[in-house]
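Okay, so here's the structure we're looking at.
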Amino acid sequence: MAKVSILDYLNKLIKSEITYDMHTHIYYPTPISKTLGINIIEIGLGTATVQINTTKEKHSNQQGTMHGGLLCELADAAIGTAHSTLIQEGETFTSVELKINFYRPVFGDILTAKASPLHSGKNLNHYQCNIFRIDGKKSRYGNKYGHDFKR
């Protein structure tokens, strides 16, 4: 079996070039992303863009807008994917804080989340993530601190 870097694996995943013998030490696509329909559309070293096609029937709250928890998960998926490109075998990471600001509602739309690092330290990293509606307007902004550690 061919073990590839996470960055190479995700680039091949985006291009639908994964073969049965390719693998990496982190699981992609993640089960939560498969369940919700979140797809990685762009990846770089420490950066990621993910996308979801939201629907009122699957992703809304009692008011018919997209659930805030879904937007948090979308941001978390983008940030976690971005950070995973920096992780070596035998290392892992976890979130220690997630802050979100909601700017405008979403009523079923294609949402794109773009994550990039603000600060990368030895053990603590700080990312930002912006989520945009299909019309290009920002629906949310978030910051997340994560902690790296050995397994």
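Labeling convention for the structure tokens: chains A, B, ... as they appear, residues from 1 per chain, ligands from 1 in order of appearance.
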Practice item. Tell me which protein, DNA and RNA residues are within 9 Å of His83 in chain A, counting only C-alpha atoms, leaving out same-chain ones fewer than 2 positions away, and put them as a ChimeraX atom specification. Key: /A:45-48,78-81,85-87,93,116-117,125,127,146
Could you take the residues named above and write them with N, CA and C atoms, as a PDB file, in the first residue's frame?
ATOM      1  N   LEU A  45      -0.809  23.911   1.982  1.00  0.00           N
ATOM      2  CA  LEU A  45      -0.105  23.667   3.218  1.00  0.00           C
ATOM      3  C   LEU A  45      -0.616  24.651   4.281  1.00  0.00           C
ATOM      4  N   GLY A  46      -1.389  24.162   5.239  1.00  0.00           N
ATOM      5  CA  GLY A  46      -1.960  24.991   6.291  1.00  0.00           C
ATOM      6  C   GLY A  46      -3.225  25.733   5.918  1.00  0.00           C
ATOM      7  N   THR A  47      -3.764  25.505   4.730  1.00  0.00           N
ATOM      8  CA  THR A  47      -4.998  26.172   4.294  1.00  0.00           C
ATOM      9  C   THR A  47      -5.971  25.147   3.726  1.00  0.00           C
ATOM     10  N   ALA A  48      -7.259  25.473   3.784  1.00  0.00           N
ATOM     11  CA  ALA A  48      -8.270  24.586   3.200  1.00  0.00           C
ATOM     12  C   ALA A  48      -9.526  25.375   2.887  1.00  0.00           C
ATOM     13  N   ALA A  78     -13.157  23.009   7.974  1.00  0.00           N
ATOM     14  CA  ALA A  78     -12.165  23.718   7.161  1.00  0.00           C
ATOM     15  C   ALA A  78     -10.864  23.906   7.938  1.00  0.00           C
ATOM     16  N   ILE A  79     -10.975  24.330   9.192  1.00  0.00           N
ATOM     17  CA  ILE A  79      -9.788  24.570   9.998  1.00  0.00           C
ATOM     18  C   ILE A  79      -9.064  23.265  10.300  1.00  0.00           C
ATOM     19  N   GLY A  80      -9.796  22.237  10.676  1.00  0.00           N
ATOM     20  CA  GLY A  80      -9.173  20.941  10.958  1.00  0.00           C
ATOM     21  C   GLY A  80      -8.488  20.363   9.737  1.00  0.00           C
ATOM     22  N   THR A  81      -9.100  20.520   8.580  1.00  0.00           N
ATOM     23  CA  THR A  81      -8.493  20.036   7.345  1.00  0.00           C
ATOM     24  C   THR A  81      -7.222  20.814   7.038  1.00  0.00           C
ATOM     25  N   THR A  85      -2.843  19.191   7.346  1.00  0.00           N
ATOM     26  CA  THR A  85      -1.768  19.150   6.344  1.00  0.00           C
ATOM     27  C   THR A  85      -0.402  19.399   6.976  1.00  0.00           C
ATOM     28  N   LEU A  86      -0.382  19.844   8.226  1.00  0.00           N
ATOM     29  CA  LEU A  86       0.866  20.140   8.923  1.00  0.00           C
ATOM     30  C   LEU A  86       1.254  19.043   9.916  1.00  0.00           C
ATOM     31  N   ILE A  87       0.400  18.073  10.100  1.00  0.00           N
ATOM     32  CA  ILE A  87       0.587  17.037  11.117  1.00  0.00           C
ATOM     33  C   ILE A  87       1.367  15.859  10.548  1.00  0.00           C
ATOM     34  N   PHE A  93      -4.100  16.363  16.943  1.00  0.00           N
ATOM     35  CA  PHE A  93      -4.434  17.701  17.428  1.00  0.00           C
ATOM     36  C   PHE A  93      -5.877  17.724  17.883  1.00  0.00           C
ATOM     37  N   SER A 116      -7.419  29.638   7.159  1.00  0.00           N
ATOM     38  CA  SER A 116      -5.992  29.924   7.041  1.00  0.00           C
ATOM     39  C   SER A 116      -5.438  30.250   8.422  1.00  0.00           C
ATOM     40  N   PRO A 117      -4.138  30.030   8.611  1.00  0.00           N
ATOM     41  CA  PRO A 117      -3.553  30.280   9.931  1.00  0.00           C
ATOM     42  C   PRO A 117      -3.340  31.765  10.190  1.00  0.00           C
ATOM     43  N   ASN A 125      -1.880  26.702  17.830  1.00  0.00           N
ATOM     44  CA  ASN A 125      -2.063  27.366  16.536  1.00  0.00           C
ATOM     45  C   ASN A 125      -3.401  28.083  16.538  1.00  0.00           C
ATOM     46  N   TYR A 127      -6.250  29.808  13.973  1.00  0.00           N
ATOM     47  CA  TYR A 127      -6.738  29.894  12.596  1.00  0.00           C
ATOM     48  C   TYR A 127      -7.916  30.852  12.517  1.00  0.00           C
ATOM     49  N   GLY A 146      -6.057  25.670  18.455  1.00  0.00           N
ATOM     50  CA  GLY A 146      -5.887  24.221  18.529  1.00  0.00           C
ATOM     51  C   GLY A 146      -4.584  23.877  19.205  1.00  0.00           C
TER      52      GLY A 146
END
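The environment of range 16-25 of chain A within 10 Å, counting only C-alpha atoms and disregarding residues fewer than 6 places along the same chain, consists of Met1, Ala2, Lys3, Val4, Ser5, Ile6, Leu7, Asp8, Tyr9, Leu10, Ile87, Gln88, Glu89, Gly90, Glu91 and Thr92 of chain A.
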Export of prior selection with C-alpha atoms as an mmCIF file, in the first residue's frame:
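Dumped everything to out.cif:
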data_model
loop_
_atom_site.group_PDB
_atom_site.id
_atom_site.type_symbol
_atom_site.label_atom_id
_atom_site.label_comp_id
_atom_site.auth_asym_id
_atom_site.auth_seq_id
_atom_site.Cartn_x
_atom_site.Cartn_y
_atom_site.Cartn_z
ATOM 1 C CA MET A 1 0.000 0.000 0.000
ATOM 2 C CA ALA A 2 1.237 3.463 -0.879
ATOM 3 C CA LYS A 3 1.381 5.850 2.066
ATOM 4 C CA VAL A 4 1.262 9.486 0.939
ATOM 5 C CA SER A 5 1.381 12.811 2.772
ATOM 6 C CA ILE A 6 -1.915 14.261 3.899
ATOM 7 C CA LEU A 7 -1.508 17.206 1.519
ATOM 8 C CA ASP A 8 -0.865 14.899 -1.456
ATOM 9 C CA TYR A 9 -3.728 12.620 -0.423
ATOM 10 C CA LEU A 10 -6.196 15.513 -0.164
ATOM 11 C CA ILE A 87 0.587 17.037 11.117
ATOM 12 C CA GLN A 88 3.148 14.249 10.932
ATOM 13 C CA GLU A 89 2.534 10.577 11.594
ATOM 14 C CA GLY A 90 2.404 9.962 15.340
ATOM 15 C CA GLU A 91 1.014 13.458 15.995
ATOM 16 C CA THR A 92 -2.571 14.524 16.441
#
From a backbone DSSP assignment, name each residue in range 9-142 of chain A labelled strand (DSSP E), as a PDB file with N, CA and C atoms, in the first residue's frame.
ATOM      1  N   MET A  22      -3.868   3.687  -1.880  1.00  0.00           N
ATOM      2  CA  MET A  22      -3.371   4.911  -1.246  1.00  0.00           C
ATOM      3  C   MET A  22      -3.995   5.086   0.126  1.00  0.00           C
ATOM      4  N   HIS A  23      -3.185   5.533   1.058  1.00  0.00           N
ATOM      5  CA  HIS A  23      -3.706   5.854   2.382  1.00  0.00           C
ATOM      6  C   HIS A  23      -2.784   6.850   3.071  1.00  0.00           C
ATOM      7  N   ASN A  39     -17.595  18.926   1.445  1.00  0.00           N
ATOM      8  CA  ASN A  39     -16.552  18.491   0.515  1.00  0.00           C
ATOM      9  C   ASN A  39     -15.373  19.445   0.526  1.00  0.00           C
ATOM     10  N   ILE A  40     -14.172  18.883   0.458  1.00  0.00           N
ATOM     11  CA  ILE A  40     -12.961  19.691   0.328  1.00  0.00           C
ATOM     12  C   ILE A  40     -12.850  20.091  -1.139  1.00  0.00           C
ATOM     13  N   ILE A  41     -12.691  21.398  -1.390  1.00  0.00           N
ATOM     14  CA  ILE A  41     -12.590  21.831  -2.788  1.00  0.00           C
ATOM     15  C   ILE A  41     -11.232  22.435  -3.127  1.00  0.00           C
ATOM     16  N   GLU A  42     -10.471  22.832  -2.086  1.00  0.00           N
ATOM     17  CA  GLU A  42      -9.124  23.369  -2.317  1.00  0.00           C
ATOM     18  C   GLU A  42      -8.291  23.126  -1.067  1.00  0.00           C
ATOM     19  N   ILE A  43      -7.022  22.791  -1.274  1.00  0.00           N
ATOM     20  CA  ILE A  43      -6.143  22.488  -0.149  1.00  0.00           C
ATOM     21  C   ILE A  43      -4.752  23.031  -0.426  1.00  0.00           C
ATOM     22  N   GLY A  44      -4.108  23.497   0.613  1.00  0.00           N
ATOM     23  CA  GLY A  44      -2.726  23.954   0.538  1.00  0.00           C
ATOM     24  C   GLY A  44      -2.065  23.651   1.867  1.00  0.00           C
ATOM     25  N   THR A  47      -3.764  25.505   4.730  1.00  0.00           N
ATOM     26  CA  THR A  47      -4.998  26.172   4.294  1.00  0.00           C
ATOM     27  C   THR A  47      -5.971  25.147   3.726  1.00  0.00           C
ATOM     28  N   ALA A  48      -7.259  25.473   3.784  1.00  0.00           N
ATOM     29  CA  ALA A  48      -8.270  24.586   3.200  1.00  0.00           C
ATOM     30  C   ALA A  48      -9.526  25.375   2.887  1.00  0.00           C
ATOM     31  N   THR A  49     -10.207  24.943   1.841  1.00  0.00           N
ATOM     32  CA  THR A  49     -11.521  25.466   1.480  1.00  0.00           C
ATOM     33  C   THR A  49     -12.453  24.278   1.357  1.00  0.00           C
ATOM     34  N   VAL A  50     -13.564  24.350   2.103  1.00  0.00           N
ATOM     35  CA  VAL A  50     -14.567  23.290   2.047  1.00  0.00           C
ATOM     36  C   VAL A  50     -15.901  23.898   1.665  1.00  0.00           C
ATOM     37  N   GLN A  51     -16.795  23.048   1.194  1.00  0.00           N
ATOM     38  CA  GLN A  51     -18.071  23.554   0.683  1.00  0.00           C
ATOM     39  C   GLN A  51     -19.195  22.591   1.040  1.00  0.00           C
ATOM     40  N   ILE A  52     -20.385  23.169   1.234  1.00  0.00           N
ATOM     41  CA  ILE A  52     -21.576  22.375   1.498  1.00  0.00           C
ATOM     42  C   ILE A  52     -22.756  23.005   0.767  1.00  0.00           C
ATOM     43  N   ASN A  53     -23.601  22.177   0.212  1.00  0.00           N
ATOM     44  CA  ASN A  53     -24.834  22.637  -0.413  1.00  0.00           C
ATOM     45  C   ASN A  53     -25.940  22.419   0.606  1.00  0.00           C
ATOM     46  N   GLU A  91       1.533  12.238  15.380  1.00  0.00           N
ATOM     47  CA  GLU A  91       1.014  13.458  15.995  1.00  0.00           C
ATOM     48  C   GLU A  91      -0.487  13.524  15.772  1.00  0.00           C
ATOM     49  N   THR A  92      -1.150  14.264  16.607  1.00  0.00           N
ATOM     50  CA  THR A  92      -2.571  14.524  16.441  1.00  0.00           C
ATOM     51  C   THR A  92      -2.851  15.928  16.967  1.00  0.00           C
ATOM     52  N   PHE A  93      -4.100  16.363  16.943  1.00  0.00           N
ATOM     53  CA  PHE A  93      -4.434  17.701  17.428  1.00  0.00           C
ATOM     54  C   PHE A  93      -5.877  17.724  17.883  1.00  0.00           C
ATOM     55  N   THR A  94      -6.199  18.740  18.645  1.00  0.00           N
ATOM     56  CA  THR A  94      -7.561  18.918  19.126  1.00  0.00           C
ATOM     57  C   THR A  94      -7.864  20.404  19.236  1.00  0.00           C
ATOM     58  N   SER A  95      -9.131  20.751  19.225  1.00  0.00           N
ATOM     59  CA  SER A  95      -9.549  22.141  19.419  1.00  0.00           C
ATOM     60  C   SER A  95      -9.540  22.465  20.898  1.00  0.00           C
ATOM     61  N   VAL A  96      -9.143  23.678  21.220  1.00  0.00           N
ATOM     62  CA  VAL A  96      -9.236  24.134  22.601  1.00  0.00           C
ATOM     63  C   VAL A  96     -10.209  25.313  22.732  1.00  0.00           C
ATOM     64  N   GLU A  97     -10.557  25.941  21.622  1.00  0.00           N
ATOM     65  CA  GLU A  97     -11.513  27.041  21.654  1.00  0.00           C
ATOM     66  C   GLU A  97     -12.031  27.302  20.244  1.00  0.00           C
ATOM     67  N   LEU A  98     -13.312  27.637  20.145  1.00  0.00           N
ATOM     68  CA  LEU A  98     -13.908  28.042  18.871  1.00  0.00           C
ATOM     69  C   LEU A  98     -14.813  29.230  19.156  1.00  0.00           C
ATOM     70  N   LYS A  99     -14.559  30.348  18.480  1.00  0.00           N
ATOM     71  CA  LYS A  99     -15.380  31.541  18.625  1.00  0.00           C
ATOM     72  C   LYS A  99     -16.000  31.840  17.270  1.00  0.00           C
ATOM     73  N   ILE A 100     -17.260  32.192  17.284  1.00  0.00           N
ATOM     74  CA  ILE A 100     -17.954  32.444  16.027  1.00  0.00           C
ATOM     75  C   ILE A 100     -18.779  33.725  16.135  1.00  0.00           C
ATOM     76  N   ASN A 101     -18.826  34.459  15.051  1.00  0.00           N
ATOM     77  CA  ASN A 101     -19.716  35.617  14.921  1.00  0.00           C
ATOM     78  C   ASN A 101     -20.600  35.358  13.715  1.00  0.00           C
ATOM     79  N   PHE A 102     -21.896  35.494  13.893  1.00  0.00           N
ATOM     80  CA  PHE A 102     -22.843  35.313  12.796  1.00  0.00           C
ATOM     81  C   PHE A 102     -23.212  36.685  12.242  1.00  0.00           C
ATOM     82  N   ILE A 110     -25.310  27.375  -1.192  1.00  0.00           N
ATOM     83  CA  ILE A 110     -23.998  26.742  -1.221  1.00  0.00           C
ATOM     84  C   ILE A 110     -23.087  27.618  -0.378  1.00  0.00           C
ATOM     85  N   LEU A 111     -22.511  27.026   0.667  1.00  0.00           N
ATOM     86  CA  LEU A 111     -21.620  27.755   1.565  1.00  0.00           C
ATOM     87  C   LEU A 111     -20.194  27.294   1.358  1.00  0.00           C
ATOM     88  N   THR A 112     -19.277  28.249   1.320  1.00  0.00           N
ATOM     89  CA  THR A 112     -17.856  27.969   1.152  1.00  0.00           C
ATOM     90  C   THR A 112     -17.110  28.516   2.358  1.00  0.00           C
ATOM     91  N   ALA A 113     -16.340  27.649   3.017  1.00  0.00           N
ATOM     92  CA  ALA A 113     -15.552  28.032   4.183  1.00  0.00           C
ATOM     93  C   ALA A 113     -14.077  27.999   3.820  1.00  0.00           C
ATOM     94  N   LYS A 114     -13.387  29.111   4.092  1.00  0.00           N
ATOM     95  CA  LYS A 114     -11.961  29.227   3.784  1.00  0.00           C
ATOM     96  C   LYS A 114     -11.193  29.433   5.082  1.00  0.00           C
ATOM     97  N   ALA A 115     -10.283  28.504   5.369  1.00  0.00           N
ATOM     98  CA  ALA A 115      -9.498  28.554   6.604  1.00  0.00           C
ATOM     99  C   ALA A 115      -8.037  28.817   6.301  1.00  0.00           C
ATOM    100  N   SER A 116      -7.419  29.638   7.159  1.00  0.00           N
ATOM    101  CA  SER A 116      -5.992  29.924   7.041  1.00  0.00           C
ATOM    102  C   SER A 116      -5.438  30.250   8.422  1.00  0.00           C
ATOM    103  N   PRO A 117      -4.138  30.030   8.611  1.00  0.00           N
ATOM    104  CA  PRO A 117      -3.553  30.280   9.931  1.00  0.00           C
ATOM    105  C   PRO A 117      -3.340  31.765  10.190  1.00  0.00           C
ATOM    106  N   LEU A 118      -3.565  32.162  11.434  1.00  0.00           N
ATOM    107  CA  LEU A 118      -3.212  33.503  11.891  1.00  0.00           C
ATOM    108  C   LEU A 118      -1.885  33.476  12.631  1.00  0.00           C
ATOM    109  N   HIS A 119      -1.656  32.400  13.370  1.00  0.00           N
ATOM    110  CA  HIS A 119      -0.425  32.233  14.139  1.00  0.00           C
ATOM    111  C   HIS A 119      -0.146  30.744  14.280  1.00  0.00           C
ATOM    112  N   SER A 120       1.082  30.356  14.042  1.00  0.00           N
ATOM    113  CA  SER A 120       1.489  28.962  14.220  1.00  0.00           C
ATOM    114  C   SER A 120       2.624  28.927  15.228  1.00  0.00           C
ATOM    115  N   LEU A 124       0.573  25.529  19.993  1.00  0.00           N
ATOM    116  CA  LEU A 124      -0.737  26.144  19.880  1.00  0.00           C
ATOM    117  C   LEU A 124      -0.805  26.927  18.575  1.00  0.00           C
ATOM    118  N   ASN A 125      -1.880  26.702  17.830  1.00  0.00           N
ATOM    119  CA  ASN A 125      -2.063  27.366  16.536  1.00  0.00           C
ATOM    120  C   ASN A 125      -3.401  28.083  16.538  1.00  0.00           C
ATOM    121  N   HIS A 126      -3.463  29.199  15.841  1.00  0.00           N
ATOM    122  CA  HIS A 126      -4.655  30.016  15.780  1.00  0.00           C
ATOM    123  C   HIS A 126      -5.029  30.191  14.307  1.00  0.00           C
ATOM    124  N   TYR A 127      -6.250  29.808  13.973  1.00  0.00           N
ATOM    125  CA  TYR A 127      -6.738  29.894  12.596  1.00  0.00           C
ATOM    126  C   TYR A 127      -7.916  30.852  12.517  1.00  0.00           C
ATOM    127  N   GLN A 128      -8.139  31.345  11.320  1.00  0.00           N
ATOM    128  CA  GLN A 128      -9.368  32.074  11.036  1.00  0.00           C
ATOM    129  C   GLN A 128     -10.091  31.340   9.928  1.00  0.00           C
ATOM    130  N   CYS A 129     -11.396  31.494   9.910  1.00  0.00           N
ATOM    131  CA  CYS A 129     -12.186  30.879   8.851  1.00  0.00           C
ATOM    132  C   CYS A 129     -13.336  31.820   8.518  1.00  0.00           C
ATOM    133  N   ASN A 130     -13.521  32.074   7.251  1.00  0.00           N
ATOM    134  CA  ASN A 130     -14.648  32.860   6.776  1.00  0.00           C
ATOM    135  C   ASN A 130     -15.560  31.951   5.971  1.00  0.00           C
ATOM    136  N   ILE A 131     -16.855  32.109   6.193  1.00  0.00           N
ATOM    137  CA  ILE A 131     -17.845  31.345   5.424  1.00  0.00           C
ATOM    138  C   ILE A 131     -18.605  32.328   4.552  1.00  0.00           C
ATOM    139  N   PHE A 132     -18.690  31.995   3.272  1.00  0.00           N
ATOM    140  CA  PHE A 132     -19.361  32.857   2.306  1.00  0.00           C
ATOM    141  C   PHE A 132     -20.563  32.148   1.703  1.00  0.00           C
ATOM    142  N   LYS A 138     -20.336  37.436   3.280  1.00  0.00           N
ATOM    143  CA  LYS A 138     -19.868  36.684   4.435  1.00  0.00           C
ATOM    144  C   LYS A 138     -21.046  36.408   5.363  1.00  0.00           C
ATOM    145  N   SER A 139     -21.181  35.147   5.780  1.00  0.00           N
ATOM    146  CA  SER A 139     -22.250  34.807   6.700  1.00  0.00           C
ATOM    147  C   SER A 139     -21.724  34.577   8.108  1.00  0.00           C
ATOM    148  N   ARG A 140     -20.418  34.427   8.242  1.00  0.00           N
ATOM    149  CA  ARG A 140     -19.863  34.091   9.530  1.00  0.00           C
ATOM    150  C   ARG A 140     -18.368  34.252   9.512  1.00  0.00           C
ATOM    151  N   TYR A 141     -17.813  34.544  10.667  1.00  0.00           N
ATOM    152  CA  TYR A 141     -16.374  34.643  10.824  1.00  0.00           C
ATOM    153  C   TYR A 141     -16.019  33.919  12.106  1.00  0.00           C
ATOM    154  N   GLY A 142     -14.955  33.170  12.096  1.00  0.00           N
ATOM    155  CA  GLY A 142     -14.600  32.448  13.308  1.00  0.00           C
ATOM    156  C   GLY A 142     -13.113  32.367  13.527  1.00  0.00           C
TER     157      GLY A 142
END
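A straight line drawn from CA of Gly136 in chain A to CA of Asn11 in chain A is 24.4 Å long.
From CA of His59 in chain A back to CA of Gly108 in chain A, the distance works out to 8.0 Å.
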**Study point:** Contact residues around Leu36 in chain A with only C-alpha atoms at 9 Å, ignoring same-chain residues under 3 positions, as JSON, numbers by chain
**Key:** {"A": [31, 32, 33, 52, 54, 58, 59, 70]}
Exercise for review: Could you pull out the residues in chain A that DSSP calls helix (DSSP H, G or I) from the backbone, as number ranges by chain?
Suggested key: A: 6-14, 31-36, 56-59, 68-84
